[in-house]
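With JSON, C-alpha atoms and all ligand atoms inside, this is query-v7.json:
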[["chain", "number", "residue", "atom", "x", "y", "z"],
["A", 204, "MET", "CA", -26.57, 70.89, -14.94],
["A", 205, "ASN", "CA", -26.48, 67.49, -13.26],
["A", 206, "THR", "CA", -29.79, 66.31, -11.83],
["A", 207, "GLY", "CA", -31.01, 63.30, -9.89],
["A", 208, "ASN", "CA", -31.69, 61.70, -13.29],
["A", 209, "THR", "CA", -28.24, 62.30, -14.75],
["A", 210, "ARG", "CA", -26.58, 59.16, -16.11],
["A", 211, "TYR", "CA", -22.85, 58.97, -15.61],
["A", 212, "ILE", "CA", -20.21, 57.56, -17.95],
["A", 213, "ALA", "CA", -16.54, 57.33, -16.96],
["A", 214, "ILE", "CA", -13.21, 56.75, -18.64],
["A", 215, "ILE", "CA", -10.67, 54.90, -16.53],
["A", 216, "GLY", "CA", -6.95, 54.74, -17.25],
["A", 217, "HIS", "CA", -3.56, 55.62, -15.86],
["A", 218, "PRO", "CA", -2.63, 58.33, -16.80],
["A", 219, "ILE", "CA", -5.85, 59.89, -18.11],
["A", 220, "ILE", "CA", -5.02, 63.58, -18.30],
["A", 221, "HIS", "CA", -4.42, 63.60, -22.10],
["A", 222, "SER", "CA", -7.64, 61.81, -23.04],
["A", 223, "LEU", "CA", -9.83, 63.63, -25.57],
["A", 224, "SER", "CA", -12.81, 61.34, -24.90],
["A", 225, "PRO", "CA", -14.46, 63.54, -22.22],
["A", 226, "ARG", "CA", -14.75, 66.55, -24.54],
["A", 227, "MET", "CA", -15.86, 64.38, -27.47],
["A", 228, "HIS", "CA", -18.59, 62.53, -25.57],
["A", 229, "GLN", "CA", -19.85, 65.46, -23.55],
["A", 230, "ALA", "CA", -20.30, 67.46, -26.78],
["A", 231, "ALA", "CA", -22.34, 64.57, -28.20],
["A", 232, "PHE", "CA", -24.55, 64.26, -25.09],
["A", 233, "ASN", "CA", -25.16, 68.01, -25.08],
["A", 234, "GLN", "CA", -25.99, 68.06, -28.78],
["A", 235, "LEU", "CA", -28.73, 65.44, -28.33],
["A", 236, "HIS", "CA", -29.91, 67.02, -25.03],
["A", 237, "LEU", "CA", -29.19, 63.79, -23.17],
["A", 238, "ASP", "CA", -28.88, 64.10, -19.39],
["A", 239, "TYR", "CA", -25.50, 62.33, -19.39],
["A", 240, "CYS", "CA", -22.19, 63.36, -17.86],
["A", 241, "TYR", "CA", -18.77, 61.94, -18.89],
["A", 242, "LEU", "CA", -16.03, 61.91, -16.24],
["A", 243, "PRO", "CA", -12.32, 60.95, -16.40],
["A", 244, "PHE", "CA", -10.81, 58.91, -13.55],
["A", 245, "ASP", "CA", -7.12, 58.21, -13.11],
["A", 246, "ILE", "CA", -7.06, 54.90, -11.25],
["A", 247, "SER", "CA", -3.81, 53.38, -10.07],
["A", 248, "PRO", "CA", -3.46, 49.74, -11.18],
["A", 249, "GLU", "CA", -3.80, 48.24, -7.69],
["A", 250, "LYS", "CA", -7.13, 50.06, -7.28],
["A", 251, "LEU", "CA", -8.69, 48.86, -10.54],
["A", 252, "LYS", "CA", -11.00, 46.28, -8.93],
["A", 253, "ASN", "CA", -12.28, 48.67, -6.26],
["A", 254, "GLY", "CA", -12.60, 51.49, -8.80],
["A", 255, "VAL", "CA", -14.77, 49.40, -11.10],
["A", 256, "GLU", "CA", -16.89, 48.20, -8.17],
["A", 257, "ALA", "CA", -17.38, 51.84, -7.14],
["A", 258, "LEU", "CA", -18.66, 52.77, -10.62],
["A", 259, "LYS", "CA", -21.10, 49.87, -10.43],
["A", 260, "GLN", "CA", -22.30, 50.75, -6.93],
["A", 261, "LEU", "CA", -22.72, 54.43, -7.86],
["A", 262, "GLY", "CA", -25.03, 53.47, -10.72],
["A", 263, "PHE", "CA", -22.81, 54.52, -13.67],
["A", 264, "ARG", "CA", -24.29, 53.60, -17.07],
["A", 265, "GLY", "CA", -20.90, 52.55, -18.41],
["A", 266, "PHE", "CA", -17.29, 53.49, -18.97],
["A", 267, "ASN", "CA", -14.42, 53.55, -21.41],
["A", 268, "VAL", "CA", -11.22, 51.72, -20.59],
["A", 269, "THR", "CA", -7.83, 52.90, -21.74],
["A", 270, "ILE", "CA", -4.13, 52.15, -21.16],
["A", 271, "PRO", "CA", -3.15, 50.14, -19.12],
["A", 272, "PHE", "CA", -6.45, 48.38, -18.30],
["A", 273, "LYS", "CA", -7.88, 47.14, -21.62],
["A", 274, "GLU", "CA", -6.82, 43.55, -20.90],
["A", 275, "LYS", "CA", -6.81, 43.63, -17.09],
["A", 276, "ILE", "CA", -10.47, 44.65, -17.03],
["A", 277, "ILE", "CA", -11.69, 41.40, -18.60],
["A", 278, "PRO", "CA", -11.73, 39.19, -15.45],
["A", 279, "LEU", "CA", -13.79, 41.89, -13.71],
["A", 280, "LEU", "CA", -16.62, 41.73, -16.27],
["A", 281, "ASP", "CA", -19.70, 39.49, -16.38],
["A", 282, "GLN", "CA", -19.63, 39.03, -20.16],
["A", 283, "ILE", "CA", -17.78, 40.26, -23.24],
["A", 284, "SER", "CA", -18.72, 40.60, -26.91],
["A", 285, "LYS", "CA", -17.44, 38.27, -29.63],
["A", 286, "GLU", "CA", -15.10, 41.00, -30.97],
["A", 287, "ALA", "CA", -13.68, 41.73, -27.53],
["A", 288, "ALA", "CA", -13.07, 38.00, -26.96],
["A", 289, "ILE", "CA", -11.23, 37.66, -30.29],
["A", 290, "ILE", "CA", -9.19, 40.81, -29.69],
["A", 291, "GLY", "CA", -8.56, 39.96, -26.05],
["A", 292, "ALA", "CA", -9.20, 43.52, -24.88],
["A", 293, "VAL", "CA", -12.13, 45.74, -23.90],
["A", 294, "ASN", "CA", -12.42, 49.52, -24.39],
["A", 295, "THR", "CA", -16.12, 50.03, -23.62],
["A", 296, "VAL", "CA", -18.26, 48.71, -20.77],
["A", 297, "LEU", "CA", -22.04, 48.89, -20.41],
["A", 298, "ILE", "CA", -23.54, 48.43, -16.94],
["A", 299, "GLU", "CA", -27.03, 47.01, -17.20],
["A", 300, "ASN", "CA", -29.09, 45.44, -14.39],
["A", 301, "GLY", "CA", -25.96, 45.29, -12.25],
["A", 302, "LYS", "CA", -24.02, 43.33, -14.91],
["A", 303, "LEU", "CA", -20.86, 44.56, -16.63],
["A", 304, "LYS", "CA", -20.75, 43.87, -20.39],
["A", 305, "GLY", "CA", -17.49, 44.50, -22.25],
["A", 306, "PHE", "CA", -17.08, 45.53, -25.89],
["A", 307, "ASN", "CA", -14.19, 46.52, -28.11],
["A", 308, "THR", "CA", -14.98, 49.34, -30.53],
["A", 309, "ASP", "CA", -11.34, 50.17, -31.42],
["A", 310, "GLY", "CA", -11.09, 47.72, -34.33],
["A", 311, "ALA", "CA", -14.51, 48.59, -35.75],
["A", 312, "GLY", "CA", -13.70, 52.29, -35.30],
["A", 313, "PHE", "CA", -10.50, 51.78, -37.27],
["A", 314, "VAL", "CA", -12.28, 50.03, -40.15],
["A", 315, "GLU", "CA", -14.99, 52.71, -40.16],
["A", 316, "SER", "CA", -12.27, 55.36, -40.53],
["A", 317, "LEU", "CA", -10.89, 53.46, -43.54],
["A", 318, "LYS", "CA", -14.33, 53.32, -45.13],
["A", 319, "LYS", "CA", -14.79, 57.07, -44.73],
["A", 320, "LYS", "CA", -11.53, 57.73, -46.56],
["A", 321, "TRP", "CA", -11.46, 54.94, -49.14],
["A", 322, "THR", "CA", -14.20, 52.97, -50.85],
["A", 323, "PHE", "CA", -12.22, 49.77, -51.46],
["A", 324, "SER", "CA", -13.39, 46.43, -50.01],
["A", 325, "LEU", "CA", -11.04, 44.72, -47.56],
["A", 326, "LYS", "CA", -12.05, 41.26, -48.77],
["A", 327, "ASN", "CA", -8.98, 39.23, -49.78],
["A", 328, "LYS", "CA", -6.73, 42.27, -49.44],
["A", 329, "SER", "CA", -3.34, 42.21, -47.80],
["A", 330, "ALA", "CA", -2.20, 44.39, -44.89],
["A", 331, "LEU", "CA", 1.08, 44.95, -43.10],
["A", 332, "ILE", "CA", 0.81, 45.90, -39.43],
["A", 333, "LEU", "CA", 3.70, 47.46, -37.56],
["A", 334, "GLY", "CA", 3.41, 46.62, -33.85],
["A", 335, "ALA", "CA", 1.80, 43.84, -31.84],
["A", 336, "GLY", "CA", 0.38, 45.68, -28.81],
["A", 337, "GLY", "CA", -3.24, 46.31, -27.86],
["A", 338, "ALA", "CA", -4.07, 48.53, -30.82],
["A", 339, "ALA", "CA", -2.42, 46.13, -33.30],
["A", 340, "LYS", "CA", -4.51, 43.26, -31.91],
["A", 341, "ALA", "CA", -7.74, 45.24, -32.36],
["A", 342, "VAL", "CA", -6.84, 46.32, -35.90],
["A", 343, "ALA", "CA", -5.63, 42.87, -36.99],
["A", 344, "ALA", "CA", -8.70, 41.07, -35.62],
["A", 345, "GLN", "CA", -11.09, 43.56, -37.21],
["A", 346, "LEU", "CA", -9.33, 43.28, -40.57],
["A", 347, "CYS", "CA", -9.80, 39.49, -40.32],
["A", 348, "LEU", "CA", -13.48, 39.96, -39.42],
["A", 349, "ASN", "CA", -13.65, 42.01, -42.64],
["A", 350, "GLN", "CA", -12.19, 39.05, -44.53],
["A", 351, "VAL", "CA", -8.75, 40.26, -45.50],
["A", 352, "GLY", "CA", -6.72, 37.56, -47.23],
["A", 353, "SER", "CA", -3.36, 38.07, -45.56],
["A", 354, "ILE", "CA", -1.73, 39.96, -42.73],
["A", 355, "GLY", "CA", 1.97, 40.62, -42.15],
["A", 356, "ILE", "CA", 3.25, 41.63, -38.72],
["A", 357, "VAL", "CA", 6.52, 43.33, -37.80],
["A", 358, "ASN", "CA", 7.26, 44.03, -34.14],
["A", 359, "ARG", "CA", 10.32, 45.00, -32.14],
["A", 360, "THR", "CA", 9.66, 42.10, -29.76],
["A", 361, "ARG", "CA", 9.32, 39.03, -31.97],
["A", 362, "LYS", "CA", 7.57, 36.96, -29.30],
["A", 363, "LYS", "CA", 4.60, 39.34, -29.18],
["A", 364, "ALA", "CA", 4.25, 39.19, -32.97],
["A", 365, "ASP", "CA", 4.25, 35.37, -32.79],
["A", 366, "GLN", "CA", 1.58, 35.50, -30.07],
["A", 367, "LEU", "CA", -0.58, 37.80, -32.20],
["A", 368, "LYS", "CA", -0.16, 35.45, -35.16],
["A", 369, "ALA", "CA", -1.23, 32.46, -33.02],
["A", 370, "ARG", "CA", -4.29, 34.37, -31.80],
["A", 371, "LEU", "CA", -5.33, 35.31, -35.34],
["A", 372, "LYS", "CA", -4.77, 31.79, -36.69],
["A", 373, "LYS", "CA", -6.91, 30.36, -33.87],
["A", 374, "HIS", "CA", -9.89, 32.54, -34.75],
["A", 375, "PHE", "CA", -9.29, 32.97, -38.50],
["A", 376, "PRO", "CA", -7.54, 29.83, -39.82],
["A", 377, "LYS", "CA", -8.13, 30.82, -43.47],
["A", 378, "VAL", "CA", -6.25, 34.14, -43.21],
["A", 379, "GLU", "CA", -2.57, 33.91, -44.12],
["A", 380, "VAL", "CA", -0.51, 35.47, -41.29],
["A", 381, "LYS", "CA", 3.24, 36.07, -41.58],
["A", 382, "VAL", "CA", 5.66, 37.48, -39.05],
["A", 383, "PHE", "CA", 8.68, 39.36, -40.40],
["A", 384, "ALA", "CA", 11.72, 39.36, -38.17],
["A", 385, "ARG", "CA", 13.41, 42.32, -39.79],
["A", 386, "PHE", "CA", 13.24, 44.91, -42.57],
["A", 387, "GLY", "CA", 14.54, 42.61, -45.31],
["A", 388, "ASP", "CA", 13.71, 41.25, -48.77],
["A", 389, "ASP", "CA", 10.79, 39.09, -47.56],
["A", 390, "LEU", "CA", 9.11, 42.14, -46.16],
["A", 391, "ASP", "CA", 9.79, 44.08, -49.35],
["A", 392, "CYS", "CA", 8.13, 41.30, -51.40],
["A", 393, "PHE", "CA", 5.10, 41.25, -49.08],
["A", 394, "LEU", "CA", 4.70, 45.02, -49.20],
["A", 395, "LYS", "CA", 4.94, 45.14, -53.01],
["A", 396, "LYS", "CA", 1.70, 43.14, -53.13],
["A", 397, "ALA", "CA", 0.08, 44.72, -50.05],
["A", 398, "HIS", "CA", -2.81, 47.21, -50.09],
["A", 399, "LEU", "CA", -2.70, 48.58, -46.58],
["A", 400, "LEU", "CA", 0.14, 49.62, -44.27],
["A", 401, "VAL", "CA", -0.71, 50.39, -40.63],
["A", 402, "ASN", "CA", 1.51, 51.86, -37.94],
["A", 403, "SER", "CA", 0.17, 50.62, -34.62],
["A", 404, "THR", "CA", 3.40, 51.16, -32.71],
["A", 405, "SER", "CA", 3.77, 54.16, -30.45],
["A", 406, "VAL", "CA", 6.76, 55.32, -32.51],
["A", 407, "GLY", "CA", 5.85, 58.81, -33.69],
["A", 408, "LEU", "CA", 4.15, 59.99, -30.51],
["A", 409, "HIS", "CA", 7.23, 61.97, -29.49],
["A", 410, "SER", "CA", 8.86, 64.76, -31.45],
["A", 411, "GLY", "CA", 12.08, 63.51, -33.02],
["A", 412, "ASP", "CA", 10.75, 59.96, -33.51],
["A", 413, "ASP", "CA", 11.74, 58.49, -36.88],
["A", 414, "SER", "CA", 9.36, 56.54, -39.09],
["A", 415, "PRO", "CA", 9.06, 52.97, -37.73],
["A", 416, "LEU", "CA", 9.46, 51.73, -41.33],
["A", 417, "PRO", "CA", 12.34, 52.85, -43.59],
["A", 418, "SER", "CA", 11.23, 54.86, -46.62],
["A", 419, "GLN", "CA", 12.39, 52.31, -49.21],
["A", 420, "PHE", "CA", 9.53, 49.99, -48.18],
["A", 421, "PHE", "CA", 6.77, 52.47, -49.06],
["A", 422, "HIS", "CA", 5.24, 52.44, -52.54],
["A", 423, "LYS", "CA", 2.58, 54.68, -53.90],
["A", 424, "GLN", "CA", -0.18, 52.06, -54.25],
["A", 425, "LEU", "CA", -0.19, 51.55, -50.48],
["A", 426, "LYS", "CA", -2.97, 53.04, -48.39],
["A", 427, "VAL", "CA", -1.17, 54.15, -45.26],
["A", 428, "CYS", "CA", -2.66, 54.57, -41.76],
["A", 429, "ASP", "CA", -1.04, 55.78, -38.59],
["A", 430, "LEU", "CA", -3.08, 55.13, -35.43],
["A", 431, "ILE", "CA", -1.37, 58.11, -33.81],
["A", 432, "TYR", "CA", -3.47, 61.29, -34.02],
["A", 433, "ASN", "CA", -1.31, 63.68, -32.02],
["A", 434, "PRO", "CA", 0.85, 64.78, -33.76],
["A", 435, "SER", "CA", -1.41, 64.63, -36.80],
["A", 436, "MET", "CA", 1.57, 64.22, -39.16],
["A", 437, "THR", "CA", 4.17, 61.73, -37.91],
["A", 438, "SER", "CA", 7.44, 60.96, -39.70],
["A", 439, "PHE", "CA", 5.71, 57.78, -40.89],
["A", 440, "LEU", "CA", 2.93, 59.79, -42.57],
["A", 441, "LYS", "CA", 5.38, 62.37, -43.91],
["A", 442, "THR", "CA", 7.28, 59.53, -45.59],
["A", 443, "ALA", "CA", 4.00, 58.15, -47.00],
["A", 444, "GLN", "CA", 3.17, 61.61, -48.35],
["A", 445, "LYS", "CA", 6.60, 61.98, -49.98],
["A", 446, "LYS", "CA", 6.15, 58.59, -51.65],
["A", 447, "GLY", "CA", 2.77, 59.65, -53.07],
["A", 448, "CYS", "CA", 0.64, 57.34, -50.87],
["A", 449, "SER", "CA", -2.88, 58.15, -49.77],
["A", 450, "PHE", "CA", -2.92, 58.26, -45.95],
["A", 451, "ILE", "CA", -4.89, 58.87, -42.75],
["A", 452, "ASN", "CA", -3.93, 59.43, -39.13],
["A", 453, "GLY", "CA", -5.66, 57.93, -36.05],
["A", 454, "ARG", "CA", -8.19, 60.66, -35.52],
["A", 455, "GLY", "CA", -10.92, 58.86, -37.47],
["A", 456, "MET", "CA", -10.35, 55.73, -35.39],
["A", 457, "LEU", "CA", -10.69, 57.74, -32.18],
["A", 458, "LEU", "CA", -13.86, 59.37, -33.47],
["A", 459, "TYR", "CA", -15.60, 56.21, -34.69],
["A", 460, "GLN", "CA", -14.66, 54.03, -31.71],
["A", 461, "GLY", "CA", -16.28, 56.80, -29.65],
["A", 462, "ALA", "CA", -19.37, 56.91, -31.88],
["A", 463, "LEU", "CA", -19.84, 53.15, -31.47],
["A", 464, "ALA", "CA", -19.43, 53.38, -27.68],
["A", 465, "PHE", "CA", -21.97, 56.25, -27.59],
["A", 466, "LYS", "CA", -24.52, 54.00, -29.32],
["A", 467, "ILE", "CA", -23.87, 51.19, -26.81],
["A", 468, "TRP", "CA", -24.58, 53.46, -23.82],
["A", 469, "THR", "CA", -27.42, 55.57, -25.18],
["A", 470, "GLY", "CA", -28.98, 53.43, -27.94],
["A", 471, "LYS", "CA", -28.79, 56.53, -30.16],
["A", 472, "THR", "CA", -26.79, 57.25, -33.31],
["A", 473, "ALA", "CA", -23.85, 59.44, -32.37],
["A", 474, "PRO", "CA", -23.66, 63.01, -33.75],
["A", 475, "VAL", "CA", -20.34, 62.31, -35.44],
["A", 476, "GLU", "CA", -19.81, 65.78, -36.84],
["A", 477, "VAL", "CA", -20.24, 67.40, -33.43],
["A", 478, "MET", "CA", -17.82, 64.88, -31.92],
["A", 479, "SER", "CA", -15.32, 65.56, -34.69],
["A", 480, "ASN", "CA", -15.58, 69.31, -34.12],
["A", 481, "ALA", "CA", -15.01, 68.79, -30.38],
["A", 482, "LEU", "CA", -11.82, 66.90, -31.20],
["A", 483, "SER", "CA", -10.68, 69.71, -33.51],
["A", 484, "LEU", "CA", -10.86, 72.20, -30.65],
["A", 485, "ALA", "CA", -8.39, 70.13, -28.60],
["A", 501, "LIG", "P1", 0.98, 49.12, -26.57],
["A", 501, "LIG", "O1", 0.08, 47.97, -26.31],
["A", 501, "LIG", "O2", 1.87, 49.63, -25.50],
["A", 501, "LIG", "O3", 1.92, 48.68, -27.83],
["A", 501, "LIG", "C1", 2.97, 49.52, -28.28],
["A", 501, "LIG", "C2", 3.58, 48.94, -29.55],
["A", 501, "LIG", "O4", 4.59, 49.84, -30.00],
["A", 501, "LIG", "C3", 4.27, 47.58, -29.33],
["A", 501, "LIG", "O5", 4.15, 46.82, -30.51],
["A", 501, "LIG", "C4", 5.72, 48.02, -29.09],
["A", 501, "LIG", "O6", 6.67, 47.03, -29.41],
["A", 501, "LIG", "C5", 5.86, 49.15, -30.08],
["A", 501, "LIG", "N1", 6.93, 50.06, -29.73],
["A", 501, "LIG", "C6", 6.97, 50.92, -28.68],
["A", 501, "LIG", "N2", 8.13, 51.60, -28.68],
["A", 501, "LIG", "C7", 8.84, 51.16, -29.75],
["A", 501, "LIG", "C8", 10.11, 51.50, -30.29],
["A", 501, "LIG", "N3", 10.89, 52.42, -29.74],
["A", 501, "LIG", "N4", 10.51, 50.87, -31.43],
["A", 501, "LIG", "C9", 9.71, 49.94, -32.02],
["A", 501, "LIG", "N5", 8.50, 49.58, -31.55],
["A", 501, "LIG", "C10", 8.07, 50.18, -30.43],
["A", 501, "LIG", "O7", 0.18, 50.38, -27.09],
["A", 501, "LIG", "P2", -1.17, 50.38, -27.95],
["A", 501, "LIG", "O8", -2.33, 50.53, -27.07],
["A", 501, "LIG", "O9", -1.12, 49.24, -28.90],
["A", 501, "LIG", "O10", -1.02, 51.78, -28.76],
["A", 501, "LIG", "C11", -0.14, 51.88, -29.85],
["A", 501, "LIG", "C12", -0.36, 53.20, -30.56],
["A", 501, "LIG", "O11", -1.67, 53.27, -31.10],
["A", 501, "LIG", "C13", -0.19, 54.41, -29.64],
["A", 501, "LIG", "O12", 0.51, 55.39, -30.36],
["A", 501, "LIG", "C14", -1.61, 54.86, -29.39],
["A", 501, "LIG", "O13", -1.68, 56.25, -29.18],
["A", 501, "LIG", "C15", -2.29, 54.48, -30.70],
["A", 501, "LIG", "N6", -3.73, 54.23, -30.50],
["A", 501, "LIG", "C16", -4.59, 55.03, -31.17],
["A", 501, "LIG", "C17", -5.96, 54.81, -31.03],
["A", 501, "LIG", "C18", -6.92, 55.69, -31.79],
["A", 501, "LIG", "O14", -8.10, 55.72, -31.44],
["A", 501, "LIG", "N7", -6.47, 56.39, -32.81],
["A", 501, "LIG", "C19", -6.43, 53.79, -30.20],
["A", 501, "LIG", "C20", -5.51, 52.98, -29.54],
["A", 501, "LIG", "C21", -4.15, 53.23, -29.69],
["A", 501, "LIG", "P3", 7.14, 45.94, -28.30],
["A", 501, "LIG", "O15", 6.12, 44.85, -28.33],
["A", 501, "LIG", "O16", 8.48, 45.52, -28.77],
["A", 501, "LIG", "O17", 7.18, 46.66, -26.98]]

Write out the structure in this file as structure tokens.
Ligand code: NAP
Amino acid sequence: MNTGNTRYIAIIGHPIIHSLSPRMHQAAFNQLHLDYCYLPFDISPEKLKNGVEALKQLGFRGFNVTIPFKEKIIPLLDQISKEAAIIGAVNTVLIENGKLKGFNTDGAGFVESLKKKWTFSLKNKSALILGAGGAAKAVAAQLCLNQVGSIGIVNRTRKKADQLKARLKKHFPKVEVKVFARFGDDLDCFLKKAHLLVNSTSVGLHSGDDSPLPSQFFHKQLKVCDLIYNPSMTSFLKTAQKKGCSFINGRGMLLYQGALAFKIWTGKTAPVEVMSNALSLA
């Protein structure tokens, strides 16, 4: 039951109806008997500024930010973390003493999900990222923060891949970053030496979507990650499975980005198992 002491957390996005974050976070608050309440708000883009101001005025403790506001939120904040500045996007906001502080837990959540599945170190490893949108930026920057040696990027819109490369080179000059224009021999060569293959495109979200990478480019030494979690097995992951690759979907990333946000708002270690179970019930 909500009381005069209840602390409120929101998630803002447009649309928001499919978000699993409310059930995941509320289960965690309940488990630790924290008087917190997590509420979803669908805010139309032209109302973003007023919506954020309303959360501040109503005394919310913080909020998550999802599509399409992860970048647009930045000018509305008082400060942002180093990771969020490198990534150029914010998914978690803490409101403290009337100030809005932005964080990005997507990249760290992704790397945490890798660590839970595989024990290998990312240092000097090589990764191919499909896509150059918000999720790709978070994943690529976090891989660089974890000292990967090289990153390859393939994206439908070449210009966005070039922009991501420029961003990574600015912050991580020692990391080799290559953009591949098409599925050709160069890409094949890169992938033969690569350790990690990540789908951060939205191809696979809809039934009937093909794998965003043709099957001949997979090899069984690759550790394969799809950021998509619903469906849990995309064509991309089915191809990885057929080729004998070890693989994960995006559920771990969702879970661990949430666990990190939970810690930012409450100062407490998140009950990850309870959060994971809440996601399973979805
Ligand atoms: P976004 O910023 O809109 O980027 C979408 C990416 O997909 C772009 O690179 C886009 O290429 C590419 N793309 C879209 N349709 C395509 C098509 N038909 N063929 C080839 N490429 C296509 O979205 P986002 O926020 O990065 O999210 C990307 C995916 O990651 C989504 O599936 C999302 O659900 C998932 N995600 C998961 C988590 C998690 O916690 N597991 C967190 C964030 C995102 P162009 O640049 O050419 O448009």

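Note that atom CA of Leu346 of chain A and atom CA of Asp309 of chain A are 11.6 Å apart.
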
With distances taken over only C-alpha atoms, which of A:Ile219, A:Ala338, A:Val477, A:Leu371 is nearest to Ser353 of chain A? A:Leu371

I need the residue nearest ligand LIG 501 (chain A) from this list: A:Phe421, A:Phe465, A:Phe383, A:Tyr432. Use only C-alpha atoms and all ligand atoms for the distance.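 Once distances to ligand LIG 501 (chain A) are computed over only C-alpha atoms and all ligand atoms, the minimum belongs to A:Tyr432.
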
Taking all atoms listed in the file into account, which residues are within 7 Å of ligand LIG 501 (chain A), as JSON, numbers by chain? {"A": [270, 309, 334, 335, 336, 337, 338, 339, 358, 359, 360, 363, 403, 404, 405, 406, 408, 415, 430, 431, 432, 453, 454, 455, 456, 457, 460]}

Nearby residues (all atoms listed in the file) at most 12 Å from segment 317-324 of chain A, same-chain spacing under 4 positions excluded, as a JSON list (two decimals) with C-alpha atoms, in the coordinates of the input:
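Result file around-v2.json:
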[["chain", "number", "residue", "atom", "x", "y", "z"],
["A", 310, "GLY", "CA", -11.09, 47.72, -34.33],
["A", 311, "ALA", "CA", -14.51, 48.59, -35.75],
["A", 312, "GLY", "CA", -13.70, 52.29, -35.30],
["A", 313, "PHE", "CA", -10.50, 51.78, -37.27],
["A", 328, "LYS", "CA", -6.73, 42.27, -49.44],
["A", 329, "SER", "CA", -3.34, 42.21, -47.80],
["A", 342, "VAL", "CA", -6.84, 46.32, -35.90],
["A", 345, "GLN", "CA", -11.09, 43.56, -37.21],
["A", 346, "LEU", "CA", -9.33, 43.28, -40.57],
["A", 349, "ASN", "CA", -13.65, 42.01, -42.64],
["A", 350, "GLN", "CA", -12.19, 39.05, -44.53],
["A", 351, "VAL", "CA", -8.75, 40.26, -45.50],
["A", 352, "GLY", "CA", -6.72, 37.56, -47.23],
["A", 398, "HIS", "CA", -2.81, 47.21, -50.09],
["A", 399, "LEU", "CA", -2.70, 48.58, -46.58],
["A", 400, "LEU", "CA", 0.14, 49.62, -44.27],
["A", 401, "VAL", "CA", -0.71, 50.39, -40.63],
["A", 425, "LEU", "CA", -0.19, 51.55, -50.48],
["A", 426, "LYS", "CA", -2.97, 53.04, -48.39],
["A", 427, "VAL", "CA", -1.17, 54.15, -45.26],
["A", 428, "CYS", "CA", -2.66, 54.57, -41.76],
["A", 429, "ASP", "CA", -1.04, 55.78, -38.59],
["A", 430, "LEU", "CA", -3.08, 55.13, -35.43],
["A", 449, "SER", "CA", -2.88, 58.15, -49.77],
["A", 450, "PHE", "CA", -2.92, 58.26, -45.95],
["A", 451, "ILE", "CA", -4.89, 58.87, -42.75],
["A", 452, "ASN", "CA", -3.93, 59.43, -39.13],
["A", 453, "GLY", "CA", -5.66, 57.93, -36.05],
["A", 454, "ARG", "CA", -8.19, 60.66, -35.52],
["A", 455, "GLY", "CA", -10.92, 58.86, -37.47],
["A", 456, "MET", "CA", -10.35, 55.73, -35.39],
["A", 458, "LEU", "CA", -13.86, 59.37, -33.47],
["A", 459, "TYR", "CA", -15.60, 56.21, -34.69]]

Which is closer to Asp238 of chain A than all the others in A:Gly301, A:Gly355, A:Gly207, A:Gly407, using only C-alpha atoms? A:Gly207

Compute the distance from (-17.3, 35.9, -30.5) to each atom, counting all atoms listed in the file, keep the residues with any atom at most 12 Å away, and return them as a PyMOL selection string; use the coordinates of the file. chain A and resi 282-291+305-307+344-345+348+374-375

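Interatomic distance, atom CA of Phe386 of chain A against atom CA of Ser316 of chain A: 27.6 Å.
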
May I have the residues within 12 Å of Leu390 of chain A as a list in words, using all atoms listed in the file and disregarding those fewer than 4 positions away in the same chain? Ala330, Leu331, Ile332, Leu333, Ile354, Gly355, Ile356, Val357, Lys381, Val382, Phe383, Ala384, Arg385, Phe386, Leu394, Lys395, Lys396, Ala397, Leu400, Leu416, Pro417, Gln419, Phe420 and Phe421 of chain A

Between atom CA of Met227 of chain A and atom CA of Arg264 of chain A, measure the distance and give it in Å to one decimal. 17.2 Å

Residues near Phe244 of chain A, cut-off 7 Å, only C-alpha atoms, skip fewer than 2 positions along chain, as a list in words: Ala213, Ile214, Ile215, Gly216, Ile219, Leu242 and Ile246 of chain A

Just the residues within 12 Å of His236 of chain A, please, counting only C-alpha atoms, with nothing from its chain fewer than 6 positions along; format it as a list in words.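 The filter keeps Met204, Thr209, Gln229, Ala230, Thr469, Lys471 and Pro474 of chain A.
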
Residue among A:Lys423, A:Asp413, A:Asn253, A:His221 lying closest to Lys446 of chain A, counting only C-alpha atoms: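 Of A:Lys423, A:Asp413, A:Asn253, A:His221, the one nearest Lys446 of chain A, counting only C-alpha atoms, is A:Lys423.
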
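Proximity of A:Asp281, A:Glu274, A:Asp412, A:Asp245 to Ser438 of chain A, computed with only C-alpha atoms, is greatest for A:Asp412.
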
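Minimum atom-to-atom distances from A:Ala485, A:Ser414, A:Trp468, A:Asp365 to Phe266 of chain A were compared using all atoms listed in the file, and the lowest value belongs to A:Trp468.
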